[in-house]
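Shown below: start_28.pdb, with PDB, C-alpha atoms and all ligand atoms.
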ATOM      1  CA  MET A   1     -29.852 -21.655  -2.467  1.00  0.00           C
ATOM      2  CA  LYS A   2     -26.674 -19.836  -1.568  1.00  0.00           C
ATOM      3  CA  ILE A   3     -24.130 -19.139  -4.259  1.00  0.00           C
ATOM      4  CA  LEU A   4     -20.525 -19.834  -3.189  1.00  0.00           C
ATOM      5  CA  PRO A   5     -21.714 -21.615  -0.021  1.00  0.00           C
ATOM      6  CA  HIS A   6     -18.191 -22.437   1.210  1.00  0.00           C
ATOM      7  CA  LEU A   7     -17.411 -18.733   1.581  1.00  0.00           C
ATOM      8  CA  PHE A   8     -20.510 -18.164   3.705  1.00  0.00           C
ATOM      9  CA  GLU A   9     -19.608 -21.220   5.759  1.00  0.00           C
ATOM     10  CA  ASN A  10     -16.091 -19.811   6.297  1.00  0.00           C
ATOM     11  CA  ASN A  11     -17.582 -16.462   7.254  1.00  0.00           C
ATOM     12  CA  HIS A  12     -19.907 -18.056   9.775  1.00  0.00           C
ATOM     13  CA  GLN A  13     -17.060 -19.938  11.405  1.00  0.00           C
ATOM     14  CA  TRP A  14     -14.866 -16.830  11.488  1.00  0.00           C
ATOM     15  CA  SER A  15     -17.589 -14.710  13.070  1.00  0.00           C
ATOM     16  CA  SER A  16     -18.220 -17.403  15.718  1.00  0.00           C
ATOM     17  CA  ARG A  17     -14.513 -17.702  16.485  1.00  0.00           C
ATOM     18  CA  MET A  18     -14.069 -13.941  16.871  1.00  0.00           C
ATOM     19  CA  THR A  19     -17.098 -13.738  19.162  1.00  0.00           C
ATOM     20  CA  ARG A  20     -15.843 -16.670  21.235  1.00  0.00           C
ATOM     21  CA  GLU A  21     -12.488 -14.955  21.723  1.00  0.00           C
ATOM     22  CA  ASP A  22     -14.059 -11.581  22.546  1.00  0.00           C
ATOM     23  CA  PRO A  23     -17.850 -11.491  22.988  1.00  0.00           C
ATOM     24  CA  THR A  24     -17.916  -7.696  22.511  1.00  0.00           C
ATOM     25  CA  PHE A  25     -15.615  -7.627  19.477  1.00  0.00           C
ATOM     26  CA  PHE A  26     -18.188  -6.767  16.801  1.00  0.00           C
ATOM     27  CA  GLN A  27     -20.176  -4.549  19.156  1.00  0.00           C
ATOM     28  CA  LYS A  28     -17.074  -2.435  19.779  1.00  0.00           C
ATOM     29  CA  LEU A  29     -16.378  -2.185  16.041  1.00  0.00           C
ATOM     30  CA  THR A  30     -19.853  -0.833  15.290  1.00  0.00           C
ATOM     31  CA  ARG A  31     -19.163   2.122  17.560  1.00  0.00           C
ATOM     32  CA  GLN A  32     -15.926   3.311  15.944  1.00  0.00           C
ATOM     33  CA  GLN A  33     -12.780   2.579  13.994  1.00  0.00           C
ATOM     34  CA  THR A  34      -9.511   4.097  15.178  1.00  0.00           C
ATOM     35  CA  PRO A  35      -6.832   2.687  12.912  1.00  0.00           C
ATOM     36  CA  GLU A  36      -3.367   4.160  13.406  1.00  0.00           C
ATOM     37  CA  TYR A  37      -2.193   3.056   9.986  1.00  0.00           C
ATOM     38  CA  LEU A  38      -3.144   3.573   6.377  1.00  0.00           C
ATOM     39  CA  TRP A  39      -1.838   0.788   4.143  1.00  0.00           C
ATOM     40  CA  ILE A  40      -1.436   1.419   0.424  1.00  0.00           C
ATOM     41  CA  GLY A  41      -0.591  -1.895  -1.205  1.00  0.00           C
ATOM     42  CA  CYS A  42      -0.918  -4.039  -4.309  1.00  0.00           C
ATOM     43  CA  THR A  43      -4.154  -5.889  -5.114  1.00  0.00           C
ATOM     44  CA  ASP A  44      -2.173  -9.130  -5.459  1.00  0.00           C
ATOM     45  CA  SER A  45      -4.096 -11.843  -3.559  1.00  0.00           C
ATOM     46  CA  ARG A  46      -0.853 -13.023  -1.968  1.00  0.00           C
ATOM     47  CA  VAL A  47      -0.335  -9.715  -0.148  1.00  0.00           C
ATOM     48  CA  PRO A  48      -3.239  -9.361   2.318  1.00  0.00           C
ATOM     49  CA  ALA A  49      -2.534  -6.324   4.528  1.00  0.00           C
ATOM     50  CA  ASN A  50      -4.168  -7.385   7.824  1.00  0.00           C
ATOM     51  CA  GLU A  51      -2.679 -10.884   7.875  1.00  0.00           C
ATOM     52  CA  ILE A  52       0.858  -9.804   7.039  1.00  0.00           C
ATOM     53  CA  VAL A  53       1.098  -7.384   9.949  1.00  0.00           C
ATOM     54  CA  GLY A  54      -1.155  -9.392  12.274  1.00  0.00           C
ATOM     55  CA  LEU A  55      -3.804  -6.708  12.753  1.00  0.00           C
ATOM     56  CA  LEU A  56      -7.506  -7.185  13.454  1.00  0.00           C
ATOM     57  CA  PRO A  57     -10.438  -5.488  11.716  1.00  0.00           C
ATOM     58  CA  GLY A  58     -10.506  -1.877  12.870  1.00  0.00           C
ATOM     59  CA  GLU A  59      -6.743  -1.583  13.243  1.00  0.00           C
ATOM     60  CA  ILE A  60      -5.589  -0.738   9.709  1.00  0.00           C
ATOM     61  CA  PHE A  61      -7.190   1.333   6.941  1.00  0.00           C
ATOM     62  CA  VAL A  62      -6.459  -0.228   3.567  1.00  0.00           C
ATOM     63  CA  HIS A  63      -6.285   0.923  -0.046  1.00  0.00           C
ATOM     64  CA  ARG A  64      -5.077  -1.466  -2.712  1.00  0.00           C
ATOM     65  CA  ASN A  65      -4.622  -1.170  -6.462  1.00  0.00           C
ATOM     66  CA  VAL A  66      -2.491  -2.786  -9.138  1.00  0.00           C
ATOM     67  CA  ALA A  67       1.185  -2.165  -8.291  1.00  0.00           C
ATOM     68  CA  ASN A  68       0.414   0.070  -5.261  1.00  0.00           C
ATOM     69  CA  LEU A  69       0.401   3.331  -7.191  1.00  0.00           C
ATOM     70  CA  VAL A  70      -0.430   6.787  -5.840  1.00  0.00           C
ATOM     71  CA  VAL A  71      -1.325   8.721  -8.970  1.00  0.00           C
ATOM     72  CA  HIS A  72      -1.525  12.518  -8.540  1.00  0.00           C
ATOM     73  CA  SER A  73      -5.062  12.728  -9.928  1.00  0.00           C
ATOM     74  CA  ASP A  74      -6.531   9.418  -8.701  1.00  0.00           C
ATOM     75  CA  MET A  75      -9.580  10.626  -6.775  1.00  0.00           C
ATOM     76  CA  ASN A  76     -10.107   7.170  -5.308  1.00  0.00           C
ATOM     77  CA  CYS A  77      -6.705   7.000  -3.647  1.00  0.00           C
ATOM     78  CA  LEU A  78      -6.697  10.723  -2.774  1.00  0.00           C
ATOM     79  CA  SER A  79     -10.071  10.406  -1.047  1.00  0.00           C
ATOM     80  CA  VAL A  80      -8.767   7.481   0.996  1.00  0.00           C
ATOM     81  CA  ILE A  81      -5.716   9.515   2.047  1.00  0.00           C
ATOM     82  CA  GLN A  82      -7.847  12.534   2.935  1.00  0.00           C
ATOM     83  CA  TYR A  83     -10.247  10.475   5.048  1.00  0.00           C
ATOM     84  CA  ALA A  84      -7.398   8.644   6.776  1.00  0.00           C
ATOM     85  CA  VAL A  85      -5.470  11.818   7.609  1.00  0.00           C
ATOM     86  CA  GLU A  86      -8.241  14.307   8.349  1.00  0.00           C
ATOM     87  CA  VAL A  87     -10.971  12.163   9.889  1.00  0.00           C
ATOM     88  CA  LEU A  88      -9.298   9.033  11.259  1.00  0.00           C
ATOM     89  CA  LYS A  89      -6.082  10.906  12.128  1.00  0.00           C
ATOM     90  CA  THR A  90      -3.907   7.948  11.199  1.00  0.00           C
ATOM     91  CA  LYS A  91      -0.328   8.483  12.326  1.00  0.00           C
ATOM     92  CA  HIS A  92       1.376   6.348   9.690  1.00  0.00           C
ATOM     93  CA  ILE A  93       0.916   5.859   5.966  1.00  0.00           C
ATOM     94  CA  ILE A  94       2.631   2.727   4.703  1.00  0.00           C
ATOM     95  CA  VAL A  95       3.237   2.202   0.995  1.00  0.00           C
ATOM     96  CA  CYS A  96       3.952  -1.500   0.667  1.00  0.00           C
ATOM     97  CA  GLY A  97       5.164  -2.999  -2.593  1.00  0.00           C
ATOM     98  CA  HIS A  98       6.151  -6.597  -3.142  1.00  0.00           C
ATOM     99  CA  TYR A  99       8.835  -8.423  -5.058  1.00  0.00           C
ATOM    100  CA  GLY A 100       7.670 -10.211  -8.190  1.00  0.00           C
ATOM    101  CA  CYS A 101       4.817  -7.744  -8.704  1.00  0.00           C
ATOM    102  CA  GLY A 102       2.901  -8.670 -11.863  1.00  0.00           C
ATOM    103  CA  GLY A 103       2.144  -5.017 -12.561  1.00  0.00           C
ATOM    104  CA  VAL A 104       5.813  -4.048 -12.434  1.00  0.00           C
ATOM    105  CA  LYS A 105       6.691  -7.075 -14.556  1.00  0.00           C
ATOM    106  CA  ALA A 106       4.098  -6.173 -17.175  1.00  0.00           C
ATOM    107  CA  ALA A 107       5.396  -2.585 -17.240  1.00  0.00           C
ATOM    108  CA  MET A 108       8.884  -3.908 -18.042  1.00  0.00           C
ATOM    109  CA  ASP A 109       8.070  -6.217 -20.931  1.00  0.00           C
ATOM    110  CA  ASN A 110       7.460  -4.940 -24.405  1.00  0.00           C
ATOM    111  CA  ARG A 111       4.094  -6.559 -24.973  1.00  0.00           C
ATOM    112  CA  ALA A 112       0.696  -4.895 -25.174  1.00  0.00           C
ATOM    113  CA  HIS A 113      -1.716  -5.662 -22.302  1.00  0.00           C
ATOM    114  CA  GLY A 114      -4.681  -3.536 -23.293  1.00  0.00           C
ATOM    115  CA  LEU A 115      -6.265  -0.929 -21.029  1.00  0.00           C
ATOM    116  CA  ILE A 116      -3.990  -1.590 -18.055  1.00  0.00           C
ATOM    117  CA  ASP A 117      -1.024  -0.264 -20.042  1.00  0.00           C
ATOM    118  CA  ASN A 118      -2.358   3.232 -19.325  1.00  0.00           C
ATOM    119  CA  TRP A 119      -2.085   2.565 -15.589  1.00  0.00           C
ATOM    120  CA  LEU A 120       1.291   0.850 -15.890  1.00  0.00           C
ATOM    121  CA  GLY A 121       2.607   3.881 -17.779  1.00  0.00           C
ATOM    122  CA  HIS A 122       3.301   5.379 -14.339  1.00  0.00           C
ATOM    123  CA  ILE A 123       5.803   2.582 -13.674  1.00  0.00           C
ATOM    124  CA  ARG A 124       7.349   3.003 -17.121  1.00  0.00           C
ATOM    125  CA  ASP A 125       7.910   6.677 -16.205  1.00  0.00           C
ATOM    126  CA  ILE A 126       9.949   5.531 -13.186  1.00  0.00           C
ATOM    127  CA  TYR A 127      11.903   3.113 -15.373  1.00  0.00           C
ATOM    128  CA  ARG A 128      12.771   5.963 -17.752  1.00  0.00           C
ATOM    129  CA  LYS A 129      13.838   8.223 -14.876  1.00  0.00           C
ATOM    130  CA  ARG A 130      16.056   5.501 -13.395  1.00  0.00           C
ATOM    131  CA  ARG A 131      17.189   3.939 -16.662  1.00  0.00           C
ATOM    132  CA  GLU A 132      20.922   4.212 -15.913  1.00  0.00           C
ATOM    133  CA  GLU A 133      20.687   2.703 -12.449  1.00  0.00           C
ATOM    134  CA  LEU A 134      18.463  -0.116 -13.668  1.00  0.00           C
ATOM    135  CA  ALA A 135      20.610  -0.878 -16.728  1.00  0.00           C
ATOM    136  CA  ALA A 136      23.528  -1.541 -14.362  1.00  0.00           C
ATOM    137  CA  VAL A 137      21.608  -4.482 -12.865  1.00  0.00           C
ATOM    138  CA  THR A 138      22.315  -7.295 -15.320  1.00  0.00           C
ATOM    139  CA  ASP A 139      20.143 -10.048 -13.813  1.00  0.00           C
ATOM    140  CA  GLU A 140      16.606  -9.569 -15.075  1.00  0.00           C
ATOM    141  CA  ASP A 141      14.864 -10.720 -11.859  1.00  0.00           C
ATOM    142  CA  GLU A 142      17.100  -8.496  -9.757  1.00  0.00           C
ATOM    143  CA  ARG A 143      16.365  -5.569 -12.063  1.00  0.00           C
ATOM    144  CA  MET A 144      12.646  -6.162 -11.629  1.00  0.00           C
ATOM    145  CA  ASP A 145      13.047  -6.351  -7.840  1.00  0.00           C
ATOM    146  CA  ARG A 146      14.948  -3.072  -7.911  1.00  0.00           C
ATOM    147  CA  LEU A 147      12.169  -1.451  -9.923  1.00  0.00           C
ATOM    148  CA  CYS A 148       9.663  -2.758  -7.336  1.00  0.00           C
ATOM    149  CA  GLU A 149      11.688  -0.923  -4.652  1.00  0.00           C
ATOM    150  CA  LEU A 150      12.062   2.259  -6.726  1.00  0.00           C
ATOM    151  CA  ASN A 151       8.319   2.191  -7.323  1.00  0.00           C
ATOM    152  CA  VAL A 152       7.679   2.194  -3.568  1.00  0.00           C
ATOM    153  CA  ALA A 153      10.019   5.186  -3.099  1.00  0.00           C
ATOM    154  CA  GLU A 154       8.269   7.070  -5.908  1.00  0.00           C
ATOM    155  CA  GLN A 155       4.832   6.379  -4.434  1.00  0.00           C
ATOM    156  CA  VAL A 156       5.954   7.560  -0.978  1.00  0.00           C
ATOM    157  CA  VAL A 157       7.003  10.836  -2.632  1.00  0.00           C
ATOM    158  CA  ASN A 158       3.610  11.014  -4.326  1.00  0.00           C
ATOM    159  CA  VAL A 159       1.815  10.474  -0.979  1.00  0.00           C
ATOM    160  CA  GLY A 160       3.924  13.263   0.530  1.00  0.00           C
ATOM    161  CA  ASN A 161       2.907  15.643  -2.224  1.00  0.00           C
ATOM    162  CA  THR A 162      -0.842  15.089  -1.857  1.00  0.00           C
ATOM    163  CA  THR A 163      -2.764  18.042  -0.444  1.00  0.00           C
ATOM    164  CA  PRO A 164      -4.055  16.199   2.662  1.00  0.00           C
ATOM    165  CA  VAL A 165      -0.512  15.247   3.704  1.00  0.00           C
ATOM    166  CA  GLN A 166       0.942  18.670   2.852  1.00  0.00           C
ATOM    167  CA  GLU A 167      -1.781  20.380   4.889  1.00  0.00           C
ATOM    168  CA  ALA A 168      -1.354  17.960   7.819  1.00  0.00           C
ATOM    169  CA  TRP A 169       2.364  18.751   8.047  1.00  0.00           C
ATOM    170  CA  LYS A 170       1.641  22.488   7.772  1.00  0.00           C
ATOM    171  CA  ARG A 171      -0.659  22.386  10.799  1.00  0.00           C
ATOM    172  CA  GLY A 172       1.822  20.252  12.754  1.00  0.00           C
ATOM    173  CA  GLN A 173      -0.180  17.010  12.732  1.00  0.00           C
ATOM    174  CA  PRO A 174       2.182  14.079  13.336  1.00  0.00           C
ATOM    175  CA  LEU A 175       2.231  11.907  10.225  1.00  0.00           C
ATOM    176  CA  ILE A 176       4.970   9.546   9.111  1.00  0.00           C
ATOM    177  CA  LEU A 177       5.212   7.970   5.646  1.00  0.00           C
ATOM    178  CA  HIS A 178       6.912   4.604   5.265  1.00  0.00           C
ATOM    179  CA  GLY A 179       8.192   2.607   2.281  1.00  0.00           C
ATOM    180  CA  TRP A 180       8.075  -1.155   2.739  1.00  0.00           C
ATOM    181  CA  ILE A 181       8.440  -4.162   0.506  1.00  0.00           C
ATOM    182  CA  TYR A 182       7.092  -7.664   1.025  1.00  0.00           C
ATOM    183  CA  SER A 183       8.566 -10.935  -0.116  1.00  0.00           C
ATOM    184  CA  ILE A 184       5.982 -13.473  -1.253  1.00  0.00           C
ATOM    185  CA  ALA A 185       8.745 -16.104  -1.136  1.00  0.00           C
ATOM    186  CA  ASN A 186       9.226 -15.954   2.658  1.00  0.00           C
ATOM    187  CA  GLY A 187       6.347 -13.838   3.972  1.00  0.00           C
ATOM    188  CA  LEU A 188       8.666 -11.173   5.380  1.00  0.00           C
ATOM    189  CA  LEU A 189       8.433  -7.405   5.225  1.00  0.00           C
ATOM    190  CA  LYS A 190      11.408  -5.114   4.739  1.00  0.00           C
ATOM    191  CA  ASP A 191      11.528  -1.426   5.650  1.00  0.00           C
ATOM    192  CA  LEU A 192      13.264   0.331   2.760  1.00  0.00           C
ATOM    193  CA  GLY A 193      14.636   2.852   5.222  1.00  0.00           C
ATOM    194  CA  PHE A 194      13.379   6.224   4.061  1.00  0.00           C
ATOM    195  CA  SER A 195      10.579   7.193   6.424  1.00  0.00           C
ATOM    196  CA  VAL A 196       9.352  10.734   5.852  1.00  0.00           C
ATOM    197  CA  SER A 197       7.789  12.877   8.574  1.00  0.00           C
ATOM    198  CA  SER A 198       8.186  16.414   7.251  1.00  0.00           C
ATOM    199  CA  GLN A 199       8.354  18.530   4.112  1.00  0.00           C
ATOM    200  CA  GLN A 200      12.124  18.740   4.548  1.00  0.00           C
ATOM    201  CA  GLU A 201      12.550  14.956   4.602  1.00  0.00           C
ATOM    202  CA  LEU A 202      10.269  14.681   1.584  1.00  0.00           C
ATOM    203  CA  LYS A 203      12.491  17.063  -0.390  1.00  0.00           C
ATOM    204  CA  GLN A 204      15.479  14.942   0.581  1.00  0.00           C
ATOM    205  CA  LEU A 205      13.825  11.733  -0.663  1.00  0.00           C
ATOM    206  CA  GLU A 206      12.860  13.514  -3.897  1.00  0.00           C
ATOM    207  CA  ALA A 207      16.467  14.500  -4.429  1.00  0.00           C
ATOM    208  CA  ASP A 208      17.816  10.944  -3.953  1.00  0.00           C
TER     209      ASP A 208
HETATM  210 CO    CO A 301       1.685  -6.596  -7.326  1.00  0.00          CO
END

Let me see the structure of the file written as structure tokens.
Amino acid sequence: MKILPHLFENNHQWSSRMTREDPTFFQKLTRQQTPEYLWIGCTDSRVPANEIVGLLPGEIFVHRNVANLVVHSDMNCLSVIQYAVEVLKTKHIIVCGHYGCGGVKAAMDNRAHGLIDNWLGHIRDIYRKRREELAAVTDEDERMDRLCELNVAEQVVNVGNTTPVQEAWKRGQPLILHGWIYSIANGLLKDLGFSVSSQQELKQLEAD
């Protein structure tokens, strides 16, 4: 007896459909993956990377965690970045946040949430750094949305400061970092407009 049979049924149908559309699809994938993009996004089930940007398996390398954080000492995320940059030679790293992020929301309230508060402390650090700017936003939802955007900017800076990215730029490997935000309410992505492709541009974003 299969457990969760509907998921296996879905999988079977999906595999058949993909094979019908391209009989060599899975065969080609077994030989290699050459994704041009690394996506660092939130685990939120409403923000599925491949679907949002209309990419097939093999076309985007994905890392997701609560509130799309790039923590300086997170070996999981750092290993993903290293593999993407040094082995897959991805040309773009996209940090994608989303409005209404539960992680950002939890970081802003004054309740205790147990273990995850240690993770969310990284967002509280951003709130403290940007306290003045955020205090000027009187509407609470708007303030949360702004913190979601500031979080993306901060994580792009963190990606830029990782050793694999620093070393890639030093050896002249083309690599562009992007900060995007997704709206669950309408399914649309927005480029936050601070792409970074060099150490110089990174320093500029850090100074903003
Ligand atoms: Co989220």

Expansion of the PyMOL selection byres (((not hetatm)) within 8 of (chain A and resi 301)) into residues, as a PyMOL selection string: chain A and resi 42-44+66-68+97-104

Counting only C-alpha atoms, the residue of A:Ile126, A:Cys96, A:Ala135, A:Ile184 that sits nearest Val152 in chain A: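 Ranked by minimum distance to Val152 in chain A, first place goes to A:Cys96.
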
A:Ala207, A:Ile176, A:Leu192, A:Ile52 ranked by distance to Val159 in chain A, top pick (using all atoms listed in the file): A:Ile176

Answer key for the PyMOL selection byres (((chain A and resi 158) around 10) and not hetatm), residues as a ChimeraX atom specification: /A:69-72,152-157,159-162,165,202,206

Shell around Thr163 in chain A at 10 Å using all atoms listed in the file, local window under 4 positions removed, as a PyMOL selection string: chain A and resi 72+78+81-82+159+167-169

Atom-to-atom span, CA of Leu120 in chain A and CA of Ala107 in chain A, Å: 5.5 Å

Residues matched by the PyMOL selection byres (((chain A and resi 180) around 7) and not hetatm), written as a list in words: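 In the shown coordinates, the PyMOL selection byres (((chain A and resi 180) around 7) and not hetatm) covers Ile94, Val95, Cys96, Gly97, His178, Gly179, Ile181, Tyr182, Leu189, Lys190, Asp191 and Leu192 of chain A.
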
Take the residues just selected and output them with C-alpha atoms as a compact mmCIF listing (two decimals), in the coordinates of the input.
# COMPACT_ATOMS: atom_id res chain seq x y z
CA ILE A 94 2.63 2.73 4.70
CA VAL A 95 3.24 2.20 1.00
CA CYS A 96 3.95 -1.50 0.67
CA GLY A 97 5.16 -3.00 -2.59
CA HIS A 178 6.91 4.60 5.26
CA GLY A 179 8.19 2.61 2.28
CA ILE A 181 8.44 -4.16 0.51
CA TYR A 182 7.09 -7.66 1.02
CA LEU A 189 8.43 -7.40 5.22
CA LYS A 190 11.41 -5.11 4.74
CA ASP A 191 11.53 -1.43 5.65
CA LEU A 192 13.26 0.33 2.76

Atom pair CA of His113 in chain A / CA of Asn186 in chain A: separation (Å): 29.1 Å

Distance in Å - CA of Leu188 in chain A versus CA of Asp22 in chain A: 28.5 Å

Residue neighbourhood Leu56 in chain A, 12 Å, only C-alpha atoms, exclusion window fewer than 5 positions, as a PyMOL selection string: chain A and resi 18+25-26+29+33-35+49-51+61

Neighbour residues at most 10 Å from (-1.5, 14.2, 15.0) (only C-alpha atoms) as number ranges by chain: A: 85-86, 89-92, 168-169, 171-176

Close residues, Glu133 in chain A itself excluded, 10 Å, only C-alpha atoms, min 4 positions apart in chain, as a list in words: Tyr127, Lys129, Val137, Arg143, Arg146 and Leu147 of chain A

Box in all listed atoms of range 27-38 of chain A, axis-aligned, with 5 Å more on each side; write out centre and edge lengths in Å to one decimal as JSON.
{"center_x": -11.2, "center_y": -0.2, "center_z": 13.1, "size_x": 28.0, "size_y": 18.7, "size_z": 23.4}

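Among A:Ala106, A:Ile123, A:Ile93, A:Val53, the residue with the shortest atom-to-atom distance to Val196 in chain A, counting all atoms listed in the file, is A:Ile93.
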
Nearest residue to Trp39 in chain A from the set A:Ser73, A:Asn118, A:Asn65, A:Gln27 (distances using only C-alpha atoms):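 Selected residue with least distance to Trp39 in chain A: A:Asn65.
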
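In this comparison, which uses all atoms listed in the file, the residue of A:Trp119, A:Gly58, A:Leu177, A:His6 approaching Asp74 in chain A most closely is A:Trp119.
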
Any chance you could build range 9-26 of chain A out to N, CA and C atoms and write it as a PDB file, keeping the file's coordinate frame?
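Generated file (out_4.pdb):
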ATOM      1  N   GLU A   9     -19.928 -20.306   4.659  1.00  0.00           N
ATOM      2  CA  GLU A   9     -19.608 -21.220   5.759  1.00  0.00           C
ATOM      3  C   GLU A   9     -18.348 -20.732   6.486  1.00  0.00           C
ATOM      4  N   ASN A  10     -17.320 -20.369   5.709  1.00  0.00           N
ATOM      5  CA  ASN A  10     -16.091 -19.811   6.297  1.00  0.00           C
ATOM      6  C   ASN A  10     -16.399 -18.579   7.135  1.00  0.00           C
ATOM      7  N   ASN A  11     -17.247 -17.708   6.578  1.00  0.00           N
ATOM      8  CA  ASN A  11     -17.582 -16.462   7.254  1.00  0.00           C
ATOM      9  C   ASN A  11     -18.270 -16.727   8.599  1.00  0.00           C
ATOM     10  N   HIS A  12     -19.165 -17.707   8.565  1.00  0.00           N
ATOM     11  CA  HIS A  12     -19.907 -18.056   9.775  1.00  0.00           C
ATOM     12  C   HIS A  12     -18.947 -18.535  10.868  1.00  0.00           C
ATOM     13  N   GLN A  13     -18.029 -19.386  10.448  1.00  0.00           N
ATOM     14  CA  GLN A  13     -17.060 -19.938  11.405  1.00  0.00           C
ATOM     15  C   GLN A  13     -16.155 -18.834  11.953  1.00  0.00           C
ATOM     16  N   TRP A  14     -15.745 -17.932  11.071  1.00  0.00           N
ATOM     17  CA  TRP A  14     -14.866 -16.830  11.488  1.00  0.00           C
ATOM     18  C   TRP A  14     -15.575 -15.933  12.502  1.00  0.00           C
ATOM     19  N   SER A  15     -16.818 -15.576  12.185  1.00  0.00           N
ATOM     20  CA  SER A  15     -17.589 -14.710  13.070  1.00  0.00           C
ATOM     21  C   SER A  15     -17.774 -15.366  14.444  1.00  0.00           C
ATOM     22  N   SER A  16     -18.049 -16.684  14.447  1.00  0.00           N
ATOM     23  CA  SER A  16     -18.220 -17.403  15.718  1.00  0.00           C
ATOM     24  C   SER A  16     -16.918 -17.406  16.511  1.00  0.00           C
ATOM     25  N   ARG A  17     -15.817 -17.651  15.808  1.00  0.00           N
ATOM     26  CA  ARG A  17     -14.513 -17.702  16.485  1.00  0.00           C
ATOM     27  C   ARG A  17     -14.176 -16.345  17.118  1.00  0.00           C
ATOM     28  N   MET A  18     -14.381 -15.279  16.358  1.00  0.00           N
ATOM     29  CA  MET A  18     -14.069 -13.941  16.871  1.00  0.00           C
ATOM     30  C   MET A  18     -14.932 -13.635  18.101  1.00  0.00           C
ATOM     31  N   THR A  19     -16.185 -14.014  18.049  1.00  0.00           N
ATOM     32  CA  THR A  19     -17.098 -13.738  19.162  1.00  0.00           C
ATOM     33  C   THR A  19     -16.728 -14.566  20.387  1.00  0.00           C
ATOM     34  N   ARG A  20     -16.272 -15.818  20.124  1.00  0.00           N
ATOM     35  CA  ARG A  20     -15.843 -16.670  21.235  1.00  0.00           C
ATOM     36  C   ARG A  20     -14.641 -16.040  21.947  1.00  0.00           C
ATOM     37  N   GLU A  21     -13.697 -15.536  21.139  1.00  0.00           N
ATOM     38  CA  GLU A  21     -12.488 -14.955  21.723  1.00  0.00           C
ATOM     39  C   GLU A  21     -12.769 -13.644  22.445  1.00  0.00           C
ATOM     40  N   ASP A  22     -13.694 -12.846  21.918  1.00  0.00           N
ATOM     41  CA  ASP A  22     -14.059 -11.581  22.546  1.00  0.00           C
ATOM     42  C   ASP A  22     -15.535 -11.315  22.250  1.00  0.00           C
ATOM     43  N   PRO A  23     -16.396 -11.613  23.210  1.00  0.00           N
ATOM     44  CA  PRO A  23     -17.850 -11.491  22.988  1.00  0.00           C
ATOM     45  C   PRO A  23     -18.299 -10.092  22.565  1.00  0.00           C
ATOM     46  N   THR A  24     -17.497  -9.068  22.867  1.00  0.00           N
ATOM     47  CA  THR A  24     -17.916  -7.696  22.511  1.00  0.00           C
ATOM     48  C   THR A  24     -17.205  -7.176  21.265  1.00  0.00           C
ATOM     49  N   PHE A  25     -16.451  -8.068  20.598  1.00  0.00           N
ATOM     50  CA  PHE A  25     -15.615  -7.627  19.477  1.00  0.00           C
ATOM     51  C   PHE A  25     -16.396  -6.843  18.414  1.00  0.00           C
ATOM     52  N   PHE A  26     -17.455  -7.430  17.887  1.00  0.00           N
ATOM     53  CA  PHE A  26     -18.188  -6.767  16.801  1.00  0.00           C
ATOM     54  C   PHE A  26     -18.972  -5.557  17.314  1.00  0.00           C
TER      55      PHE A  26
END
